[in-house]
Structures are given as C-alpha cells and as structure tokens.
$ cat work-v8.cif   # mmCIF, C-alpha atoms
data_structure
#
loop_
_atom_site.label_atom_id
_atom_site.label_comp_id
_atom_site.auth_asym_id
_atom_site.auth_seq_id
_atom_site.Cartn_x
_atom_site.Cartn_y
_atom_site.Cartn_z
CA MET L 8 0.00 0.00 0.00
CA SER L 9 2.83 2.41 0.92
CA GLN L 10 4.63 1.73 -2.39
CA LYS L 11 1.43 2.37 -4.34
CA LYS L 12 0.86 5.57 -2.40
CA ALA L 13 4.38 6.78 -3.20
CA THR L 14 3.91 5.97 -6.90
CA ILE L 15 0.62 7.86 -7.12
CA GLN L 16 2.01 10.82 -5.16
CA ASP L 17 5.01 11.00 -7.49
CA TYR L 18 2.72 10.85 -10.53
CA ILE L 19 0.51 13.64 -9.20
CA GLN L 20 3.50 15.83 -8.33
CA ASN L 21 5.45 15.37 -11.57
CA LYS L 22 2.77 14.76 -14.21
CA VAL L 23 -0.59 16.12 -13.10
CA LYS L 24 0.25 19.12 -10.91
CA PRO L 25 2.34 21.13 -13.42
CA VAL L 26 -0.45 20.89 -16.02
CA PHE L 27 -3.22 21.92 -13.64
CA ASP L 28 -1.14 24.72 -12.10
CA GLN L 29 -0.82 26.33 -15.54
CA LEU L 30 -4.46 25.64 -16.38
CA ILE L 31 -5.76 27.24 -13.17
CA ALA L 32 -3.50 30.25 -13.68
CA ARG L 33 -4.89 30.82 -17.16
CA ILE L 34 -8.50 30.34 -16.01
CA VAL L 35 -8.08 32.95 -13.27
CA ILE L 36 -6.51 35.39 -15.71
CA GLU L 37 -8.93 34.86 -18.62
CA LYS L 38 -12.11 34.20 -16.56
CA PRO L 39 -13.95 32.32 -19.37
CA GLU L 40 -17.72 31.95 -19.16
CA ASP L 41 -17.62 28.30 -20.20
CA VAL L 42 -14.75 26.92 -18.11
CA TYR L 43 -15.12 23.35 -19.39
CA SER L 44 -14.92 24.19 -23.11
CA TRP L 45 -12.20 26.77 -22.58
CA SER L 46 -10.11 24.29 -20.57
CA ILE L 47 -10.47 21.59 -23.25
CA ASN L 48 -9.35 24.02 -25.97
CA TRP L 49 -6.42 25.21 -23.86
CA LEU L 50 -5.26 21.67 -23.14
CA GLN L 51 -5.50 20.76 -26.83
CA LYS L 52 -3.36 23.77 -27.75
CA GLN L 53 -0.77 22.79 -25.14
CA GLN L 54 -0.72 19.24 -26.44
CA SER L 55 -0.07 20.42 -29.99
CA GLY L 56 2.85 22.57 -28.86
CA VAL L 57 4.84 19.98 -26.90
CA GLN L 58 5.80 16.34 -27.22
CA VAL L 59 3.61 14.22 -24.96
CA GLN L 60 3.97 10.67 -23.84
CA GLN L 61 1.34 8.29 -25.16
CA LEU L 62 -1.10 7.17 -22.51
CA VAL L 63 -1.25 3.40 -22.10
CA HIS L 64 -4.85 2.29 -21.65
CA HIS L 65 -5.44 -0.67 -19.41
CA ASP L 66 -8.39 -2.73 -18.18
CA LEU L 67 -9.92 -1.87 -14.81
CA SER L 68 -8.25 -3.85 -12.02
CA GLU L 69 -9.47 -5.13 -8.69
CA GLU L 70 -7.21 -2.60 -6.98
CA GLU L 71 -9.00 0.48 -8.35
CA GLU L 72 -10.86 1.12 -5.11
CA ASP L 73 -7.60 0.97 -3.15
CA GLU L 74 -6.04 3.50 -5.53
CA GLU L 75 -8.96 5.87 -5.05
CA GLU L 76 -8.46 5.68 -1.30
CA VAL L 77 -4.77 6.43 -1.72
CA VAL L 78 -5.50 9.48 -3.89
CA LEU L 79 -7.98 10.81 -1.33
CA GLU L 80 -5.47 10.27 1.47
CA ILE L 81 -2.77 12.14 -0.46
CA LYS L 82 -5.15 15.03 -1.11
CA GLN L 83 -5.98 15.22 2.60
CA GLN L 84 -2.27 15.29 3.48
CA GLN L 85 -1.63 18.04 0.92
CA LYS L 86 -4.24 20.20 2.67
CA GLN L 87 -2.20 19.95 5.87
CA GLN L 88 1.15 20.91 4.30
CA THR L 89 2.63 24.12 5.63
CA ARG L 90 3.92 25.23 2.27
CA THR L 91 1.17 26.88 0.22
CA ALA L 92 0.12 24.63 -2.64
CA VAL L 93 0.75 26.22 -5.97
CA SER L 94 -2.80 25.50 -7.05
CA ALA L 95 -3.61 28.13 -4.41
CA GLU L 96 -0.70 30.38 -5.35
CA VAL L 97 -2.21 31.06 -8.75
CA TYR L 98 -5.28 32.74 -7.29
CA GLY L 99 -3.36 36.00 -7.25
CA GLU L 100 -6.22 38.41 -6.88
CA TYR L 101 -7.83 36.25 -4.19
CA ASN L 102 -4.68 36.02 -2.11
CA LYS L 103 -4.70 38.89 0.35
CA LYS L 104 -1.65 41.02 -0.26
CA GLU L 105 -2.03 42.56 3.17
CA ASP L 106 -1.16 39.14 4.67
CA PHE L 107 2.07 39.03 2.69
CA LYS L 108 5.16 40.31 4.46
CA PRO L 109 7.94 40.73 1.89
CA ARG L 110 11.52 40.25 2.91
CA PHE L 111 13.66 43.36 2.99
CA ILE L 112 17.42 43.31 2.49
CA GLN L 113 19.30 46.53 3.21
CA LYS L 114 21.20 47.93 0.22
CA SER L 115 23.19 50.98 -0.73
CA GLU L 116 21.77 53.54 -3.16
CA GLY L 117 24.29 52.31 -5.71
CA GLN L 118 23.04 48.72 -5.41
CA ILE L 119 19.41 49.82 -5.74
CA GLU L 120 20.18 51.75 -8.93
CA ARG L 121 22.08 48.80 -10.39
CA ILE L 122 19.22 46.41 -9.63
CA LYS L 123 16.62 48.81 -11.00
CA LYS L 124 18.57 49.28 -14.21
CA ARG L 125 18.84 45.52 -14.70
CA ILE L 126 15.32 44.38 -13.85
CA LEU L 127 13.60 47.02 -15.95
CA ASN L 128 15.24 45.38 -18.98
CA SER L 129 13.14 42.28 -18.30
CA PHE L 130 9.54 42.18 -19.54
CA MET L 131 8.46 40.56 -16.26
CA PHE L 132 9.09 43.70 -14.23
CA GLN L 133 8.15 46.39 -16.72
CA ALA L 134 4.46 46.41 -15.78
CA LEU L 135 5.06 46.95 -12.05
CA ASP L 136 3.83 50.18 -10.50
CA GLU L 137 6.18 52.21 -8.30
CA LYS L 138 4.99 50.63 -5.04
CA ASP L 139 5.41 47.05 -6.25
CA LEU L 140 8.72 47.90 -7.92
CA ASN L 141 10.07 49.18 -4.59
CA ILE L 142 8.95 45.97 -2.85
CA VAL L 143 10.83 43.92 -5.44
CA LEU L 144 13.93 46.11 -5.16
CA GLY L 145 13.90 45.66 -1.38
CA ALA L 146 13.54 41.87 -1.64
CA MET L 147 16.36 41.37 -4.14
CA ASP L 148 19.43 39.65 -2.67
CA GLU L 149 22.88 40.05 -4.23
CA LYS L 150 24.52 36.66 -4.87
CA LYS L 151 27.94 35.93 -6.33
CA PHE L 152 29.17 32.79 -8.10
CA GLN L 153 32.57 31.54 -9.16
CA VAL L 154 33.64 29.96 -12.47
CA GLY L 155 32.16 26.48 -12.70
CA ASP L 156 29.44 27.01 -10.11
CA VAL L 157 26.07 25.46 -10.97
CA VAL L 158 23.50 28.14 -10.17
CA ILE L 159 20.45 26.05 -11.02
CA LYS L 160 20.23 22.38 -12.03
CA GLN L 161 17.70 20.83 -14.40
CA GLY L 162 15.07 18.85 -12.51
CA ASP L 163 15.59 20.56 -9.15
CA ASP L 164 12.92 22.56 -7.36
CA GLY L 165 13.32 26.31 -7.75
CA ASN L 166 12.76 29.01 -5.15
CA GLU L 167 14.46 32.02 -6.74
CA LEU L 168 14.90 33.75 -10.07
CA TYR L 169 18.11 35.58 -10.94
CA VAL L 170 18.90 38.82 -12.74
CA ILE L 171 22.50 39.04 -13.97
CA ASP L 172 24.49 42.13 -13.03
CA GLU L 173 28.02 41.02 -13.99
CA GLY L 174 29.56 38.01 -15.73
CA ARG L 175 28.33 35.34 -18.13
CA LEU L 176 26.67 31.96 -17.67
CA GLU L 177 25.86 29.06 -19.99
CA CYS L 178 22.52 27.31 -20.20
CA TYR L 179 22.45 23.54 -20.84
CA LYS L 180 19.45 21.25 -21.30
CA LYS L 181 19.28 17.47 -21.36
CA PHE L 182 16.76 16.19 -23.89
CA THR L 183 15.11 12.78 -23.80
CA GLY L 184 17.07 10.26 -25.87
CA LEU L 185 20.32 12.23 -25.83
CA GLU L 186 23.21 11.42 -23.51
CA GLU L 187 24.94 14.80 -23.70
CA GLU L 188 23.50 18.08 -22.52
CA LYS L 189 22.86 20.63 -25.26
CA LEU L 190 24.19 24.17 -24.93
CA LEU L 191 21.18 26.42 -25.55
CA LYS L 192 22.53 29.91 -24.95
CA THR L 193 24.93 32.17 -23.07
CA TYR L 194 23.45 34.60 -20.58
CA ILE L 195 24.94 38.08 -20.24
CA PRO L 196 24.40 41.02 -17.84
CA GLY L 197 20.86 42.38 -17.92
CA GLU L 198 19.23 39.03 -18.65
CA SER L 199 17.27 36.94 -16.15
CA PHE L 200 16.74 33.21 -15.65
CA GLY L 201 15.02 30.79 -13.30
CA GLU L 202 11.56 32.32 -13.66
CA LEU L 203 9.92 29.30 -15.33
CA ALA L 204 10.04 27.23 -12.14
CA LEU L 205 8.31 30.07 -10.28
CA LEU L 206 5.81 30.95 -13.00
CA TYR L 207 4.52 27.41 -13.40
CA ASN L 208 5.76 25.71 -10.22
CA ALA L 209 7.64 23.21 -12.35
CA PRO L 210 11.12 21.73 -11.84
CA ARG L 211 14.06 23.65 -13.26
CA ALA L 212 13.90 23.38 -17.07
CA ALA L 213 17.67 23.62 -17.63
CA THR L 214 21.06 23.75 -15.92
CA ILE L 215 22.89 27.08 -15.74
CA LYS L 216 26.61 27.32 -14.94
CA ALA L 217 28.88 30.30 -14.40
CA ILE L 218 31.69 30.60 -16.97
CA GLU L 219 33.05 33.79 -15.36
CA GLU L 220 32.83 35.35 -11.92
CA VAL L 221 29.16 36.31 -11.73
CA THR L 222 27.10 38.75 -9.68
CA THR L 223 23.34 38.28 -9.68
CA PHE L 224 20.32 39.69 -7.87
CA ALA L 225 17.98 36.94 -6.65
CA LEU L 226 14.24 37.31 -6.01
CA ASP L 227 12.50 34.85 -3.69
CA ARG L 228 9.42 32.80 -4.59
CA GLU L 229 7.04 34.50 -2.11
CA THR L 230 7.76 38.01 -3.35
CA PHE L 231 7.56 36.84 -6.95
CA ASN L 232 4.23 35.06 -6.40
CA ASN L 233 2.61 37.97 -4.59
CA ILE L 234 3.97 40.88 -6.62
CA VAL L 235 5.17 39.78 -10.06
CA LYS L 236 3.70 36.43 -11.04
CA PHE L 237 0.35 37.16 -12.67
CA SER L 238 1.43 40.10 -14.79
CA ALA L 239 4.48 38.05 -15.83
CA ILE L 240 2.39 35.03 -16.84
CA LYS L 241 0.00 37.14 -18.87
CA LYS L 242 2.79 39.10 -20.55
CA ARG L 243 4.82 35.98 -21.35
CA GLU L 244 1.90 34.05 -22.79
CA GLN L 245 0.81 37.05 -24.86
CA MET L 246 4.34 37.24 -26.22
CA GLU L 247 4.50 33.50 -26.93
CA GLU L 248 1.18 33.68 -28.78
CA ILE L 249 2.61 36.47 -30.92
CA LEU L 250 5.86 34.60 -31.61
CA ASN L 251 3.93 31.52 -32.72
CA LYS L 252 2.64 33.58 -35.65
CA ILE L 253 6.12 34.44 -36.93
CA GLU L 254 7.04 31.92 -39.62
CA LEU L 255 10.75 32.47 -39.09
CA LEU L 256 10.51 31.18 -35.50
CA GLN L 257 8.59 27.97 -36.19
CA SER L 258 11.71 25.82 -35.93
CA MET L 259 12.41 27.02 -32.38
CA ASP L 260 11.23 24.81 -29.51
CA ASN L 261 9.05 26.17 -26.71
CA TYR L 262 11.98 26.72 -24.35
CA GLU L 263 13.96 28.71 -26.92
CA ARG L 264 10.88 30.77 -27.76
CA VAL L 265 10.39 31.55 -24.07
CA GLN L 266 13.98 32.81 -23.80
CA LEU L 267 13.43 35.05 -26.81
CA CYS L 268 10.59 36.82 -24.97
CA ASP L 269 13.10 38.44 -22.62
CA VAL L 270 15.10 40.23 -25.33
CA LEU L 271 12.29 41.42 -27.62
CA LYS L 272 11.03 44.99 -27.30
CA GLU L 273 7.81 46.43 -28.71
CA GLU L 274 7.71 49.44 -31.01
CA LYS L 275 4.68 51.19 -32.57
CA HIS L 276 4.61 53.44 -35.64
CA LYS L 277 1.96 55.46 -37.42
CA ALA L 278 1.21 55.08 -41.13
CA GLY L 279 3.82 56.94 -43.20
CA GLU L 280 6.60 56.77 -40.61
CA THR L 281 10.04 55.49 -41.64
CA ILE L 282 11.37 52.59 -39.58
CA ILE L 283 14.77 52.07 -41.24
CA THR L 284 16.54 54.19 -43.86
CA GLU L 285 18.70 53.01 -46.75
CA GLY L 286 22.40 53.62 -46.10
CA GLU L 287 22.22 53.91 -42.32
CA ILE L 288 24.02 51.50 -39.99
CA GLY L 289 21.58 48.98 -38.59
CA ASP L 290 21.75 46.90 -35.42
CA LYS L 291 18.19 45.51 -35.12
CA ILE L 292 16.02 42.92 -36.80
CA TYR L 293 12.24 43.51 -36.77
CA LEU L 294 9.27 41.12 -36.51
CA ILE L 295 5.88 42.40 -37.70
CA ILE L 296 2.95 41.82 -35.34
CA GLU L 297 0.30 44.14 -36.78
CA GLY L 298 0.03 46.27 -39.90
CA GLU L 299 1.70 46.48 -43.31
CA LEU L 300 4.95 48.04 -44.48
CA GLU L 301 6.75 48.68 -47.78
CA ALA L 302 10.45 48.52 -48.62
CA TYR L 303 11.90 50.99 -51.13
CA TRP L 304 15.25 51.13 -52.91
CA LYS L 305 17.16 54.07 -54.36
CA GLY L 306 15.55 56.79 -52.31
CA GLN L 307 11.97 55.48 -52.51
CA SER L 308 11.99 55.45 -56.31
CA GLU L 309 11.43 51.71 -56.57
CA LYS L 310 9.42 49.42 -54.30
CA VAL L 311 11.28 46.29 -53.30
CA TYR L 312 8.89 44.39 -51.08
CA ASP L 313 5.53 44.41 -49.29
CA TYR L 314 5.53 43.23 -45.67
CA LYS L 315 2.58 41.83 -43.71
CA PRO L 316 2.07 40.46 -40.17
CA GLY L 317 4.32 37.45 -39.55
CA ASP L 318 7.10 38.83 -41.79
CA TYR L 319 10.45 40.22 -40.67
CA PHE L 320 12.94 42.76 -42.02
CA GLY L 321 16.29 44.34 -41.26
CA GLU L 322 18.14 41.05 -41.59
CA LEU L 323 20.37 42.08 -44.52
CA ALA L 324 22.51 44.33 -42.33
CA LEU L 325 22.92 41.36 -39.98
CA LEU L 326 23.80 38.80 -42.63
CA LYS L 327 25.98 40.95 -44.87
CA ASN L 328 27.44 43.27 -42.21
CA THR L 329 26.60 46.26 -44.42
CA PRO L 330 24.51 49.42 -44.04
CA ARG L 331 20.76 49.17 -44.56
CA GLN L 332 19.95 48.11 -48.13
CA ALA L 333 16.50 49.67 -48.30
CA THR L 334 14.12 52.11 -46.65
CA VAL L 335 11.12 50.57 -44.88
CA ILE L 336 8.01 52.70 -44.37
CA ALA L 337 4.79 51.88 -42.50
CA LYS L 338 1.90 51.61 -44.97
CA THR L 339 -0.57 51.39 -42.06
CA ASP L 340 -0.21 51.79 -38.30
CA VAL L 341 2.12 48.99 -37.21
CA VAL L 342 3.20 47.11 -34.11
CA LEU L 343 6.71 45.64 -34.28
CA LEU L 344 8.98 43.60 -32.07
CA TYR L 345 12.70 44.15 -32.45
CA CYS L 346 15.84 42.40 -31.29
CA ASP L 347 19.42 43.65 -31.39
CA PHE L 348 21.86 41.68 -33.53
CA ASN L 349 23.97 40.39 -30.61
CA SER L 350 20.93 38.92 -28.86
CA PHE L 351 19.69 37.46 -32.14
CA ARG L 352 22.97 35.64 -32.73
CA ARG L 353 23.07 34.28 -29.17
CA LEU L 354 19.51 33.02 -29.14
CA MET L 355 18.75 32.27 -32.78
CA GLY L 356 22.06 31.44 -34.40
CA PRO L 357 20.64 28.43 -36.32
CA LEU L 358 17.99 30.68 -37.86
CA GLU L 359 20.66 32.59 -39.77
CA GLU L 360 20.57 29.78 -42.33
CA VAL L 361 16.84 30.36 -42.82
CA LEU L 362 17.50 34.07 -43.24
CA LYS L 363 20.19 33.40 -45.83
CA ARG L 364 17.86 31.22 -47.88
CA ASN L 365 15.19 33.90 -47.83
CA VAL L 366 17.53 36.65 -49.00
CA GLU L 367 16.64 35.59 -52.56
CA ARG L 368 13.53 37.73 -52.34
CA TYR L 369 15.82 40.74 -52.62
CA GLU L 370 18.48 39.28 -54.93
CA LYS L 371 17.40 40.97 -58.13
CA TYR L 372 17.82 44.35 -56.46
CA LEU L 373 21.07 43.56 -54.66
CA GLN L 374 22.73 42.45 -57.88
CA GLN L 375 22.11 45.77 -59.68
#

$ encode --input "work-v8.cif" --output "structure tokens"
Amino acid sequence: MSQKKATIQDYIQNKVKPVFDQLIARIVIEKPEDVYSWSINWLQKQQSGVQVQQLVHHDLSEEEEDEEEVVLEIKQQQKQQTRTAVSAEVYGEYNKKEDFKPRFIQKSEGQIERIKKRILNSFMFQALDEKDLNIVLGAMDEKKFQVGDVVIKQGDDGNELYVIDEGRLECYKKFTGLEEEKLLKTYIPGESFGELALLYNAPRAATIKAIEEVTTFALDRETFNNIVKFSAIKKREQMEEILNKIELLQSMDNYERVQLCDVLKEEKHKAGETIITEGEIGDKIYLIIEGELEAYWKGQSEKVYDYKPGDYFGELALLKNTPRQATVIAKTDVVLLYCDFNSFRRLMGPLEEVLKRNVERYEKYLQQ
C-alpha cells in the first residue's frame, strides 16, 4: 500500500500538478464563461505545442478502489502541508496582499540603482507600479558565483529567479534520448533566468553554470508570487502567442521561444513613418505583429517588397554586415517587435541559415 501511495504521489507531483497549475493560472486570468470548453481548448493547444507521452490504456483492475483511497489520502495530506500549494498560489487576486510580508534586504543607493537598471530590462518587471517595484527592489538579494558554479540544475525545485548584473553563464538542457546536454545559450548582464520554475511551479527546465565570476540579484518565490507572477504570466503568454505567428521562429522549440521573450522589445509606428533608412548603420532585426509596411530602394523610387504580419525585415545588415539596403516605411499603423543583432545571434544562431535562404527575395535588387 505504501509503495502504491508513493507511486501515485510522485505521478501527481510530476505529471498532473504542473499541467493543472498552468491551467488554473490561465482560467483565473482569462475568466472564461464556459470553463469546461475553454479548458479543453487550452489543453488541446498545449498538447499540440509539446511532445507528450502516449497514454497506455489498461483494463480496470481489482485494486482500483484501493487506488482511489490512496489518492484521497494524499489530497488530505496536501491540505495539511505548511507550504502553500501552488494551485492556491495562482489565485493571485484572491490572495490577500495585506497578509504578505515581503523580505527586505538593506542595500546601498548604488546597489538599488544597479538592480533597478537591470530588472527594468526584463519584460516581467516592466508592468510593475512604483509601489510594487520598490517591494521587489527591497527583496532582491545580491549573490555571487565563481567559475564552474552550478547556479540552477535541471530537474531541481526552484525558489528564486536571478537577474544578472556582472559576468556570463551558460545554459544547458538534457533532452530525452540524448546522452549529452545541449548548450542552448549564453546569458549576459541584464538578462534573467530561473523564472519558469516560479511561473509554473515546475522543476528547473535547464542547468545554468557560471563561466566567469558572476554577480546576480535573486528574487524569492514569495515576493515573486505575490507581486510579479500574474502580470508576468499574462505578458509571457501574450508574447508567446505572438511569436507563434512568426514563420521564421517555427523551428524554435518552446523553451527557446520563451527565452526570446526576454530580449524582444515592442515598437509602434503610425502610417507613413520610416522605420529604417537606406544607407544607415543597422543593429536591429524587426518582426511584424500588426500592420503592413513597404520597402523601397534608391531613395523610394522603386518598391522592393511588401511586408505583412508574420514577416520580418532588417536582416540584410545582420547577414551581410553592411549598411541598410532599403528604406522601410509603414503603410498602415504597425506594431513591431525588435531584437538587437547580438541577442539574435546568441539566441537564434541556427535561424541565420533560414534568413540566408530567404535573401533571394531581394536578390534581383542587390545584384544591380
């Protein structure tokens, strides 16, 4: 009986709980009228976006009643646990903030300014009002790591997220069926990591090691859950939904797409405004979310290309290391996401081959 109980508890913790934590979070945020239909659609979308294990169907056994009793016993024990269950954590607006006592770590003015500069580069913190931002600044704890230190390890529980102030780290992930870990990216100052375990109460998704002496600012789970979590979930999922529409990014896996969210910035332009100008030095690549644009060559005397939502532009300066080859003007009001070239190369290096293949759309103009 005890072995069966342990097996069921492990299954609930590792297989069922992460799915329902995310589902409950989305239900609370979206507040659908028809919860059943909305939940089914959401689960189907999640299934289509990730690889799932096939469920093995089996005949009903004589031990089914025993298993039901075990599940009920586990649920009763979970109610008595001192640590707040994450299925309760997601009810952000129902949790009473007045009952939350954030930690406060004394810092110098210089430290506060450094932290503020770093965290406001991350989309997770950009929506915070001044009061909540000050709570987060007070709760941040400076932590240093030496070369070779493992800051977080794939599969472990996570209680903090980290914002990098100095130094670089490498992110490795072990994929099913592969013996060696795969290097996914290198983190640099201004970037953050470790938030996925807090957002979705899941185990660490990757291992991150220091390759230089590193200084980070760490934020604890309680402060994150009470102050940052819900706006971060909504912002991240909105961004992921947008990125799923960009054809260029279809070859990226979910984890890589999540990392991209942190380095993309939004930019809006009115119809008729110029976004890039032929001959200028460029350092950004643009993804089109809403609206239409036109590319012109030779001082707007000849139209090169029409852009629509899901397209991208600005890649020629990246690929050829040359000034801008064309002028791009908004035909309608547009919403764009942009990424600097250094971040693009770190996160999306393999996509450069896709970009190179697609350069042919401009070839007849570049050859003249």

$ resolve_selection --input "work-v8.cif" --expression "the PyMOL selection byres ((chain L and resi 284-299) around 9)" --output "ChimeraX atom specification"
/L:249-250,252-253,278,281-283,300-301,303-306,313-325,328-349,351

$ resolve_selection --input "work-v8.cif" --expression "the PyMOL selection byres ((chain L and resi 186-203) around 6)" --output "list in words"
Arg125, Leu168, Tyr169, Val170, Ile171, Asp172, Glu173, Arg175, Leu176, Glu177, Cys178, Tyr179, Lys180, Lys181, Leu185, Ala204, Leu205 and Leu206 of chain L

$ closest_residue --input "work-v8.cif" --among "L:Val23, L:Ala134, L:Leu127, L:Ile159" --to "L:Lys241" --atoms "all atoms listed in the file"
L:Ala134

$ closest_residue --input "work-v8.cif" --among "L:Ile31, L:Val221, L:Ala213, L:Val143" --to "L:Gly174" --atoms "all atoms listed in the file"
L:Val221

$ atom_distance --input "work-v8.cif" --atom1 "atom CA of L:Ile234" --atom2 "atom CA of L:Lys108"
11.2 Å

$ resolve_selection --input "work-v8.cif" --expression "the PyMOL selection byres ((chain L and resi 228-233) around 6)" --output "PyMOL selection string"
chain L and resi 109+166-167+227+234-236

$ atom_distance --input "work-v8.cif" --atom1 "atom CA of L:Gln153" --atom2 "atom CA of L:Ile112"
22.4 Å

$ atom_distance --input "work-v8.cif" --atom1 "atom CA of L:Arg121" --atom2 "atom CA of L:Val157"
23.7 Å

$ residues_around --input "work-v8.cif" --residues "L:Ile119" --least-positions-apart "3" --cutoff "10 Å" --atoms "all atoms listed in the file" --output "MDAnalysis selection string"
chainID L and resid 113:116 122:125 141 144:145 147

$ closest_residue --input "work-v8.cif" --among "L:Glu137, L:Asp106, L:Glu220, L:Glu120" --to "L:Val158" --atoms "all atoms listed in the file"
L:Glu220

$ closest_residue --input "work-v8.cif" --among "L:Glu273, L:Asp163, L:Asp156, L:Glu247" --to "L:Thr222" --atoms "all atoms listed in the file"
L:Asp156
